[in-house]
Amino acid sequence: MQLKNSISLLLGALVALGTSSCKNATKQTVNTKPNIIIIYADDLGYGDLSCYGATGVQTPNIDHLAKNGVRFTDAHSTASTCTPSRFSVLTGSYAFRNNAAILPGSAPLLIRPGTPTLPAMFQKNGYNTAVIGKWHLGLGDGTPTWNDQLRPGPLEIGFNYSFIVPATLDRVPTVFVENHQVVGLSTSDSLSISYDHKVGNLPTGLEHPEMTRMLADSQHSGTIIDSISRIGFMTGGKSAWWKDEDITATVVSKVKNYIHQNKQHPFFLYFAPTDVHVPRAPNARFKGASKMGPRGDAIAELDWSVGQVIDYLKKEGLADNTLIIFSSDNGPVLDDGYQDQAEALVGSDRPWGPFNGGKYSAFEAGTRMPTITYWPGHIQQTVSSTLFSHVDFYASLADLIGYKLNPGEAPDSYDMLPVIMGKSSKGRESMLEESYTLSLRAGNYKYIAPQTAAIPDWMKNKKIPTGLSKAPQLYDLSTDTAEHKNLAAIHPDIVQSMQQTITGIQQK
Ligand code: NG6
Ligand code: CA
């Protein structure tokens, strides 16, 4: 493999350095394996970055990655919502295998200890591993014990360190969890939450909308914390509550600490920024950074975080030895329950790019993600239209570090390392997309399996078509990027064969 050759060349060079001189070189020889950072943003759409056509906000730091790395135009998260997409990145499995769907903040750990995971794979190969940022994959065995040790969690499935937002910004509890503990919790003020009834006396958005800084729909009108009403109810644990405006800076400082502590040791960092999910309350420093109000400003804040990582790697002398993969977990949504003017201020920008749909949708914008790989001196700069899925990170990164997958490990993951490195354009022959149904991409076609559950084809408040229909749908993306013209009736043979492929994947 070409890449392995280049790694051995690099190894050779470092060893040579180590024999010829000084302390620094000796230090560097310790860390000969490349570090890997996956930066996985939240709800960032295909058209949300200036390198993908955004004009209402500029994203110079992420654009820098794109200009010097591989910018994908047909790369996908596995699903159009968060939990299933993140499940797939970390396990190399499609989420339907585990019935993974959006989790409440009280859910137990979805990935059971003992399951092969991407971080555990790195650990086995001598890496230190961390998750910093959004988790949303559950904690504990039953109901999480917020006032006690929270386990199992990230540390039980392959991470050496974790600093997480347990679920989403719009869900209780609004606290960080570091390793097994809620950060800053006082023993004299225990924290409790519920998703079905009010606990404690804190005001809710339903009772006191005037106490909130942005109005929310009824589902987001539970307990008000930091002037924002949330999904669910919460009381106590006051010393541990986050301030929304400070979340990104806190998380970025943890990222820097982690990189610093591991600068002489290979590491895998899953950095999951909370921008640009609702409620969008970026730091005041970013107010007006875009022309698009809080949603655009949150994109600017996200770009800042990426810039901080790039600069810090340089400062620590790690830039040339670190592969960065940047992407997002699902497509964009303007109104996800809070009135923050996202729709009014979007202007002529198209967060969903040239595609139809968005978050939650079976149409392309649900899963087609801005995706960039960057590794100075190693990646061949290019724009890649290769069909690629984030479930492939697992097998590709295994190849990068010379690890052979065990039978059954990362069952849906293909080794696409040459594509990640910009050295091949040979993509997947077929790829599953998950939403409230299953879809399949193969050749020029996209097939969306019929969905009989009572989910509408149009989400009125969000103004997003779900892409669901009781009838099969078939689109030719080479002539119909926006999935408007259903060809299923004209090509029943293609419909049948694509449905069979899905059934085959399901039975694997
Ligand atoms: C939905 C929430 C939405 C968001 C989403 C998860 C309601 C009405 N909406 O159920 O606000 O939290 O879940 O987003 O409850 S995700 O990016 O983590 O998938
Ligand atoms: Ca998301």
# chains A, B, ... in the order shown; residues from 1 in each chain; ligands from 1
>>> select_by_dssp(residues="region 309-487 of chain A", states="strand (DSSP E or B)", output="mmCIF file with N, CA and C atoms, in the first residue's frame")
data_model
loop_
_atom_site.group_PDB
_atom_site.id
_atom_site.type_symbol
_atom_site.label_atom_id
_atom_site.label_comp_id
_atom_site.auth_asym_id
_atom_site.auth_seq_id
_atom_site.Cartn_x
_atom_site.Cartn_y
_atom_site.Cartn_z
ATOM 1 N N THR A 322 -0.489 14.408 11.918
ATOM 2 C CA THR A 322 -1.872 14.249 12.367
ATOM 3 C C THR A 322 -2.838 14.306 11.192
ATOM 4 N N LEU A 323 -3.587 13.251 11.041
ATOM 5 C CA LEU A 323 -4.645 13.209 10.027
ATOM 6 C C LEU A 323 -5.914 13.784 10.645
ATOM 7 N N ILE A 324 -6.473 14.806 9.991
ATOM 8 C CA ILE A 324 -7.738 15.374 10.467
ATOM 9 C C ILE A 324 -8.843 14.992 9.487
ATOM 10 N N ILE A 325 -9.926 14.474 10.031
ATOM 11 C CA ILE A 325 -11.119 14.209 9.219
ATOM 12 C C ILE A 325 -12.206 15.122 9.756
ATOM 13 N N PHE A 326 -12.772 15.941 8.890
ATOM 14 C CA PHE A 326 -13.823 16.859 9.327
ATOM 15 C C PHE A 326 -15.140 16.477 8.663
ATOM 16 N N SER A 327 -16.202 16.394 9.439
ATOM 17 C CA SER A 327 -17.521 16.215 8.826
ATOM 18 C C SER A 327 -18.634 16.528 9.824
ATOM 19 N N SER A 328 -19.829 16.079 9.511
ATOM 20 C CA SER A 328 -21.006 16.367 10.331
ATOM 21 C C SER A 328 -21.887 15.121 10.409
ATOM 22 N N TYR A 338 -36.713 26.093 18.134
ATOM 23 C CA TYR A 338 -36.465 27.387 18.786
ATOM 24 C C TYR A 338 -36.566 28.516 17.764
ATOM 25 N N ARG A 368 -25.898 13.661 3.001
ATOM 26 C CA ARG A 368 -24.730 14.078 2.209
ATOM 27 C C ARG A 368 -24.036 15.216 2.954
ATOM 28 N N THR A 371 -17.457 16.917 3.852
ATOM 29 C CA THR A 371 -16.492 15.963 4.418
ATOM 30 C C THR A 371 -15.117 16.283 3.860
ATOM 31 N N ILE A 372 -14.139 16.413 4.744
ATOM 32 C CA ILE A 372 -12.800 16.843 4.330
ATOM 33 C C ILE A 372 -11.762 16.009 5.064
ATOM 34 N N THR A 373 -10.733 15.581 4.349
ATOM 35 C CA THR A 373 -9.612 14.921 5.030
ATOM 36 C C THR A 373 -8.350 15.743 4.774
ATOM 37 N N TYR A 374 -7.490 15.813 5.765
ATOM 38 C CA TYR A 374 -6.347 16.739 5.715
ATOM 39 C C TYR A 374 -5.172 16.150 6.480
ATOM 40 N N THR A 382 -7.288 17.196 -3.510
ATOM 41 C CA THR A 382 -8.228 16.991 -4.613
ATOM 42 C C THR A 382 -9.664 17.252 -4.157
ATOM 43 N N VAL A 383 -10.559 17.377 -5.144
ATOM 44 C CA VAL A 383 -11.989 17.363 -4.850
ATOM 45 C C VAL A 383 -12.476 16.003 -5.324
ATOM 46 N N SER A 384 -13.097 15.247 -4.438
ATOM 47 C CA SER A 384 -13.437 13.866 -4.762
ATOM 48 C C SER A 384 -14.944 13.675 -4.844
ATOM 49 N N PHE A 388 -18.834 7.635 -0.762
ATOM 50 C CA PHE A 388 -18.098 7.283 0.447
ATOM 51 C C PHE A 388 -19.017 7.426 1.657
ATOM 52 N N SER A 389 -18.910 6.503 2.606
ATOM 53 C CA SER A 389 -19.749 6.568 3.809
ATOM 54 C C SER A 389 -18.882 6.702 5.055
ATOM 55 N N SER A 430 -22.284 0.363 -3.690
ATOM 56 C CA SER A 430 -23.591 0.693 -3.130
ATOM 57 C C SER A 430 -23.414 1.178 -1.697
ATOM 58 N N MET A 431 -24.399 1.900 -1.229
ATOM 59 C CA MET A 431 -24.297 2.478 0.113
ATOM 60 C C MET A 431 -25.688 2.701 0.685
ATOM 61 N N LEU A 432 -25.845 2.325 1.935
ATOM 62 C CA LEU A 432 -27.136 2.502 2.602
ATOM 63 C C LEU A 432 -27.225 3.892 3.222
ATOM 64 N N GLU A 433 -28.402 4.496 3.167
ATOM 65 C CA GLU A 433 -28.668 5.738 3.902
ATOM 66 C C GLU A 433 -29.842 5.447 4.827
ATOM 67 N N GLU A 434 -29.702 5.791 6.106
ATOM 68 C CA GLU A 434 -30.780 5.521 7.058
ATOM 69 C C GLU A 434 -31.517 6.804 7.429
ATOM 70 N N LEU A 438 -35.101 3.005 4.874
ATOM 71 C CA LEU A 438 -33.757 2.757 4.366
ATOM 72 C C LEU A 438 -33.728 3.152 2.890
ATOM 73 N N SER A 439 -32.615 3.728 2.480
ATOM 74 C CA SER A 439 -32.434 4.078 1.076
ATOM 75 C C SER A 439 -31.126 3.457 0.622
ATOM 76 N N LEU A 440 -31.012 3.309 -0.680
ATOM 77 C CA LEU A 440 -29.780 2.730 -1.210
ATOM 78 C C LEU A 440 -29.291 3.559 -2.376
ATOM 79 N N ARG A 441 -28.008 3.817 -2.383
ATOM 80 C CA ARG A 441 -27.361 4.435 -3.538
ATOM 81 C C ARG A 441 -26.616 3.341 -4.285
ATOM 82 N N ALA A 442 -26.761 3.299 -5.604
ATOM 83 C CA ALA A 442 -25.978 2.369 -6.424
ATOM 84 C C ALA A 442 -25.923 2.952 -7.829
ATOM 85 N N TYR A 445 -28.293 5.636 -9.352
ATOM 86 C CA TYR A 445 -29.627 5.582 -8.766
ATOM 87 C C TYR A 445 -29.661 5.709 -7.249
ATOM 88 N N LYS A 446 -30.764 6.254 -6.813
ATOM 89 C CA LYS A 446 -31.082 6.284 -5.389
ATOM 90 C C LYS A 446 -32.474 5.697 -5.237
ATOM 91 N N TYR A 447 -32.564 4.675 -4.396
ATOM 92 C CA TYR A 447 -33.847 4.017 -4.144
ATOM 93 C C TYR A 447 -34.244 4.290 -2.698
ATOM 94 N N ILE A 448 -35.484 4.692 -2.500
ATOM 95 C CA ILE A 448 -35.990 4.909 -1.132
ATOM 96 C C ILE A 448 -37.101 3.892 -0.876
ATOM 97 N N TRP A 458 -43.990 15.641 4.750
ATOM 98 C CA TRP A 458 -43.549 17.037 4.872
ATOM 99 C C TRP A 458 -43.559 17.436 6.335
ATOM 100 N N MET A 459 -42.426 17.896 6.870
ATOM 101 C CA MET A 459 -42.412 18.360 8.258
ATOM 102 C C MET A 459 -42.704 19.854 8.220
ATOM 103 N N ILE A 464 -39.151 20.715 5.953
ATOM 104 C CA ILE A 464 -38.258 19.701 5.366
ATOM 105 C C ILE A 464 -39.111 18.542 4.845
ATOM 106 N N PRO A 465 -38.913 18.155 3.581
ATOM 107 C CA PRO A 465 -39.593 16.947 3.111
ATOM 108 C C PRO A 465 -38.903 15.727 3.697
ATOM 109 N N GLN A 473 -39.596 4.634 -4.233
ATOM 110 C CA GLN A 473 -39.115 5.778 -5.020
ATOM 111 C C GLN A 473 -37.752 5.455 -5.615
ATOM 112 N N LEU A 474 -37.569 5.906 -6.840
ATOM 113 C CA LEU A 474 -36.300 5.698 -7.529
ATOM 114 C C LEU A 474 -35.935 6.985 -8.260
ATOM 115 N N TYR A 475 -34.737 7.463 -7.999
ATOM 116 C CA TYR A 475 -34.301 8.704 -8.645
ATOM 117 C C TYR A 475 -32.982 8.470 -9.361
ATOM 118 N N ASP A 476 -32.821 9.137 -10.487
ATOM 119 C CA ASP A 476 -31.548 9.099 -11.199
ATOM 120 C C ASP A 476 -30.795 10.378 -10.828
#
>>> residues_near_ligand(ligand="ligand 1", cutoff="9 Å", atoms="only C-alpha atoms and all ligand atoms", output="NGL selection string")
:A and (42-43 or 80-85 or 101-104 or 134 or 136 or 167-171 or 217-220 or 230-231 or 277-279 or 329-331 or 336-338 or 359-360)
>>> write_last_selection(atoms="C-alpha atoms", output="PDB file, in the first residue's frame")
ATOM      1  CA  ASP A  42     -23.629  18.671  14.727  1.00  0.00           C
ATOM      2  CA  ASP A  43     -26.346  19.378  12.123  1.00  0.00           C
ATOM      3  CA  SER A  80     -29.996  11.710   8.833  1.00  0.00           C
ATOM      4  CA  THR A  81     -29.956  12.006  12.636  1.00  0.00           C
ATOM      5  CA  CYS A  82     -27.265  12.033  15.254  1.00  0.00           C
ATOM      6  CA  THR A  83     -27.316   8.889  17.390  1.00  0.00           C
ATOM      7  CA  PRO A  84     -27.388   6.450  14.458  1.00  0.00           C
ATOM      8  CA  SER A  85     -24.659   8.337  12.559  1.00  0.00           C
ATOM      9  CA  ALA A 101     -32.493   6.049  16.960  1.00  0.00           C
ATOM     10  CA  ILE A 102     -32.352   9.506  18.579  1.00  0.00           C
ATOM     11  CA  LEU A 103     -31.873   8.832  22.299  1.00  0.00           C
ATOM     12  CA  PRO A 104     -33.391  10.698  25.222  1.00  0.00           C
ATOM     13  CA  LYS A 134     -21.266  15.740  22.047  1.00  0.00           C
ATOM     14  CA  HIS A 136     -25.609  11.232  22.564  1.00  0.00           C
ATOM     15  CA  ALA A 167     -27.045  14.021  24.926  1.00  0.00           C
ATOM     16  CA  THR A 168     -27.923  17.225  23.049  1.00  0.00           C
ATOM     17  CA  LEU A 169     -27.813  20.905  23.925  1.00  0.00           C
ATOM     18  CA  ASP A 170     -31.599  21.006  23.947  1.00  0.00           C
ATOM     19  CA  ARG A 171     -32.006  18.112  26.396  1.00  0.00           C
ATOM     20  CA  ASP A 217     -42.163  24.997  20.641  1.00  0.00           C
ATOM     21  CA  SER A 218     -43.981  22.938  23.258  1.00  0.00           C
ATOM     22  CA  GLN A 219     -41.575  19.986  23.020  1.00  0.00           C
ATOM     23  CA  HIS A 220     -38.657  22.286  23.876  1.00  0.00           C
ATOM     24  CA  ARG A 230     -35.133  22.424  27.173  1.00  0.00           C
ATOM     25  CA  ILE A 231     -36.608  19.057  26.307  1.00  0.00           C
ATOM     26  CA  HIS A 277     -27.392  22.176  16.879  1.00  0.00           C
ATOM     27  CA  VAL A 278     -30.205  24.043  18.644  1.00  0.00           C
ATOM     28  CA  PRO A 279     -30.415  25.952  20.912  1.00  0.00           C
ATOM     29  CA  ASP A 329     -23.535  13.863  11.668  1.00  0.00           C
ATOM     30  CA  ASN A 330     -26.620  14.803   9.687  1.00  0.00           C
ATOM     31  CA  GLY A 331     -28.128  17.395   7.412  1.00  0.00           C
ATOM     32  CA  ASP A 336     -35.615  22.640  15.107  1.00  0.00           C
ATOM     33  CA  GLY A 337     -37.899  23.984  17.803  1.00  0.00           C
ATOM     34  CA  TYR A 338     -36.465  27.387  18.786  1.00  0.00           C
ATOM     35  CA  LYS A 359     -32.032  16.647   8.858  1.00  0.00           C
ATOM     36  CA  TYR A 360     -34.410  13.676   9.411  1.00  0.00           C
TER      37      TYR A 360
END
>>> residues_around(residues="Arg285 (chain A)", least_positions_apart="2", cutoff="10 Å", atoms="only C-alpha atoms", output="PyMOL selection string")
chain A and resi 245+282-283+287-289+297+301
>>> residues_around(residues="Asn179 (chain A)", least_positions_apart="4", cutoff="10 Å", atoms="only C-alpha atoms", output="NGL selection string")
:A and (130-131 or 149-151 or 153-156 or 159-164 or 183)
>>> atom_distance(atom1="CA of Thr503 (chain A)", atom2="CA of Ala454 (chain A)")
22.3 Å
>>> closest_residue(among="A:Thr274, A:Thr59, A:Gln181, A:Thr32", to="ligand 2", atoms="only C-alpha atoms and all ligand atoms")
A:Thr274
>>> decode(residues="region 463-496 of chain A", atoms="N, CA and C atoms", output="PDB file, in the first residue's frame")
ATOM      1  N   LYS A 463     -40.137  22.709   7.608  1.00  0.00           N
ATOM      2  CA  LYS A 463     -40.136  22.888   6.151  1.00  0.00           C
ATOM      3  C   LYS A 463     -39.147  21.940   5.479  1.00  0.00           C
ATOM      4  N   ILE A 464     -39.151  20.715   5.953  1.00  0.00           N
ATOM      5  CA  ILE A 464     -38.258  19.701   5.366  1.00  0.00           C
ATOM      6  C   ILE A 464     -39.111  18.542   4.845  1.00  0.00           C
ATOM      7  N   PRO A 465     -38.913  18.155   3.581  1.00  0.00           N
ATOM      8  CA  PRO A 465     -39.593  16.947   3.111  1.00  0.00           C
ATOM      9  C   PRO A 465     -38.903  15.727   3.697  1.00  0.00           C
ATOM     10  N   THR A 466     -39.683  14.798   4.239  1.00  0.00           N
ATOM     11  CA  THR A 466     -39.064  13.624   4.872  1.00  0.00           C
ATOM     12  C   THR A 466     -38.565  12.629   3.836  1.00  0.00           C
ATOM     13  N   GLY A 467     -39.062  12.746   2.606  1.00  0.00           N
ATOM     14  CA  GLY A 467     -38.667  11.775   1.573  1.00  0.00           C
ATOM     15  C   GLY A 467     -39.382  10.449   1.750  1.00  0.00           C
ATOM     16  N   LEU A 468     -40.388  10.417   2.627  1.00  0.00           N
ATOM     17  CA  LEU A 468     -41.075   9.143   2.882  1.00  0.00           C
ATOM     18  C   LEU A 468     -42.316   9.036   2.015  1.00  0.00           C
ATOM     19  N   SER A 469     -42.582   7.807   1.591  1.00  0.00           N
ATOM     20  CA  SER A 469     -43.775   7.567   0.801  1.00  0.00           C
ATOM     21  C   SER A 469     -44.182   6.108   0.980  1.00  0.00           C
ATOM     22  N   LYS A 470     -45.457   5.849   0.806  1.00  0.00           N
ATOM     23  CA  LYS A 470     -45.924   4.454   0.901  1.00  0.00           C
ATOM     24  C   LYS A 470     -45.513   3.683  -0.347  1.00  0.00           C
ATOM     25  N   ALA A 471     -45.143   4.415  -1.390  1.00  0.00           N
ATOM     26  CA  ALA A 471     -44.730   3.771  -2.645  1.00  0.00           C
ATOM     27  C   ALA A 471     -43.208   3.801  -2.765  1.00  0.00           C
ATOM     28  N   PRO A 472     -42.638   2.832  -3.475  1.00  0.00           N
ATOM     29  CA  PRO A 472     -41.181   2.887  -3.684  1.00  0.00           C
ATOM     30  C   PRO A 472     -40.792   4.119  -4.503  1.00  0.00           C
ATOM     31  N   GLN A 473     -39.596   4.634  -4.233  1.00  0.00           N
ATOM     32  CA  GLN A 473     -39.115   5.778  -5.020  1.00  0.00           C
ATOM     33  C   GLN A 473     -37.752   5.455  -5.615  1.00  0.00           C
ATOM     34  N   LEU A 474     -37.569   5.906  -6.840  1.00  0.00           N
ATOM     35  CA  LEU A 474     -36.300   5.698  -7.529  1.00  0.00           C
ATOM     36  C   LEU A 474     -35.935   6.985  -8.260  1.00  0.00           C
ATOM     37  N   TYR A 475     -34.737   7.463  -7.999  1.00  0.00           N
ATOM     38  CA  TYR A 475     -34.301   8.704  -8.645  1.00  0.00           C
ATOM     39  C   TYR A 475     -32.982   8.470  -9.361  1.00  0.00           C
ATOM     40  N   ASP A 476     -32.821   9.137 -10.487  1.00  0.00           N
ATOM     41  CA  ASP A 476     -31.548   9.099 -11.199  1.00  0.00           C
ATOM     42  C   ASP A 476     -30.795  10.378 -10.828  1.00  0.00           C
ATOM     43  N   LEU A 477     -29.843  10.247  -9.919  1.00  0.00           N
ATOM     44  CA  LEU A 477     -29.169  11.450  -9.399  1.00  0.00           C
ATOM     45  C   LEU A 477     -28.290  12.113 -10.457  1.00  0.00           C
ATOM     46  N   SER A 478     -27.965  11.394 -11.528  1.00  0.00           N
ATOM     47  CA  SER A 478     -27.099  12.017 -12.538  1.00  0.00           C
ATOM     48  C   SER A 478     -27.860  13.089 -13.320  1.00  0.00           C
ATOM     49  N   THR A 479     -29.189  12.964 -13.349  1.00  0.00           N
ATOM     50  CA  THR A 479     -29.971  13.982 -14.062  1.00  0.00           C
ATOM     51  C   THR A 479     -30.940  14.702 -13.129  1.00  0.00           C
ATOM     52  N   ASP A 480     -31.089  14.196 -11.912  1.00  0.00           N
ATOM     53  CA  ASP A 480     -32.112  14.710 -10.997  1.00  0.00           C
ATOM     54  C   ASP A 480     -31.543  14.783  -9.578  1.00  0.00           C
ATOM     55  N   THR A 481     -30.582  15.672  -9.393  1.00  0.00           N
ATOM     56  CA  THR A 481     -29.901  15.828  -8.102  1.00  0.00           C
ATOM     57  C   THR A 481     -30.900  16.037  -6.966  1.00  0.00           C
ATOM     58  N   ALA A 482     -31.988  16.741  -7.271  1.00  0.00           N
ATOM     59  CA  ALA A 482     -32.923  17.140  -6.218  1.00  0.00           C
ATOM     60  C   ALA A 482     -34.023  16.105  -5.948  1.00  0.00           C
ATOM     61  N   GLU A 483     -33.904  14.928  -6.567  1.00  0.00           N
ATOM     62  CA  GLU A 483     -34.867  13.847  -6.309  1.00  0.00           C
ATOM     63  C   GLU A 483     -36.328  14.316  -6.456  1.00  0.00           C
ATOM     64  N   HIS A 484     -36.628  14.795  -7.635  1.00  0.00           N
ATOM     65  CA  HIS A 484     -38.006  15.252  -7.897  1.00  0.00           C
ATOM     66  C   HIS A 484     -38.803  14.257  -8.741  1.00  0.00           C
ATOM     67  N   LYS A 485     -38.079  13.517  -9.583  1.00  0.00           N
ATOM     68  CA  LYS A 485     -38.799  12.719 -10.583  1.00  0.00           C
ATOM     69  C   LYS A 485     -38.691  11.231 -10.241  1.00  0.00           C
ATOM     70  N   ASN A 486     -39.768  10.702  -9.685  1.00  0.00           N
ATOM     71  CA  ASN A 486     -39.768   9.298  -9.269  1.00  0.00           C
ATOM     72  C   ASN A 486     -39.888   8.375 -10.478  1.00  0.00           C
ATOM     73  N   LEU A 487     -38.851   7.557 -10.697  1.00  0.00           N
ATOM     74  CA  LEU A 487     -38.817   6.681 -11.862  1.00  0.00           C
ATOM     75  C   LEU A 487     -39.206   5.244 -11.518  1.00  0.00           C
ATOM     76  N   ALA A 488     -39.702   5.019 -10.307  1.00  0.00           N
ATOM     77  CA  ALA A 488     -39.952   3.635  -9.864  1.00  0.00           C
ATOM     78  C   ALA A 488     -40.890   2.892 -10.812  1.00  0.00           C
ATOM     79  N   ALA A 489     -41.924   3.578 -11.279  1.00  0.00           N
ATOM     80  CA  ALA A 489     -42.898   2.900 -12.138  1.00  0.00           C
ATOM     81  C   ALA A 489     -42.288   2.538 -13.497  1.00  0.00           C
ATOM     82  N   ILE A 490     -41.299   3.305 -13.919  1.00  0.00           N
ATOM     83  CA  ILE A 490     -40.673   3.048 -15.238  1.00  0.00           C
ATOM     84  C   ILE A 490     -39.632   1.930 -15.137  1.00  0.00           C
ATOM     85  N   HIS A 491     -39.005   1.786 -13.966  1.00  0.00           N
ATOM     86  CA  HIS A 491     -37.914   0.800 -13.823  1.00  0.00           C
ATOM     87  C   HIS A 491     -38.177  -0.170 -12.668  1.00  0.00           C
ATOM     88  N   PRO A 492     -39.260  -0.953 -12.774  1.00  0.00           N
ATOM     89  CA  PRO A 492     -39.554  -1.876 -11.660  1.00  0.00           C
ATOM     90  C   PRO A 492     -38.423  -2.878 -11.414  1.00  0.00           C
ATOM     91  N   ASP A 493     -37.690  -3.227 -12.478  1.00  0.00           N
ATOM     92  CA  ASP A 493     -36.576  -4.177 -12.333  1.00  0.00           C
ATOM     93  C   ASP A 493     -35.481  -3.590 -11.442  1.00  0.00           C
ATOM     94  N   ILE A 494     -35.163  -2.304 -11.635  1.00  0.00           N
ATOM     95  CA  ILE A 494     -34.114  -1.662 -10.808  1.00  0.00           C
ATOM     96  C   ILE A 494     -34.603  -1.563  -9.357  1.00  0.00           C
ATOM     97  N   VAL A 495     -35.868  -1.203  -9.199  1.00  0.00           N
ATOM     98  CA  VAL A 495     -36.449  -1.114  -7.861  1.00  0.00           C
ATOM     99  C   VAL A 495     -36.306  -2.460  -7.151  1.00  0.00           C
ATOM    100  N   GLN A 496     -36.658  -3.517  -7.868  1.00  0.00           N
ATOM    101  CA  GLN A 496     -36.613  -4.850  -7.263  1.00  0.00           C
ATOM    102  C   GLN A 496     -35.184  -5.232  -6.886  1.00  0.00           C
TER     103      GLN A 496
END
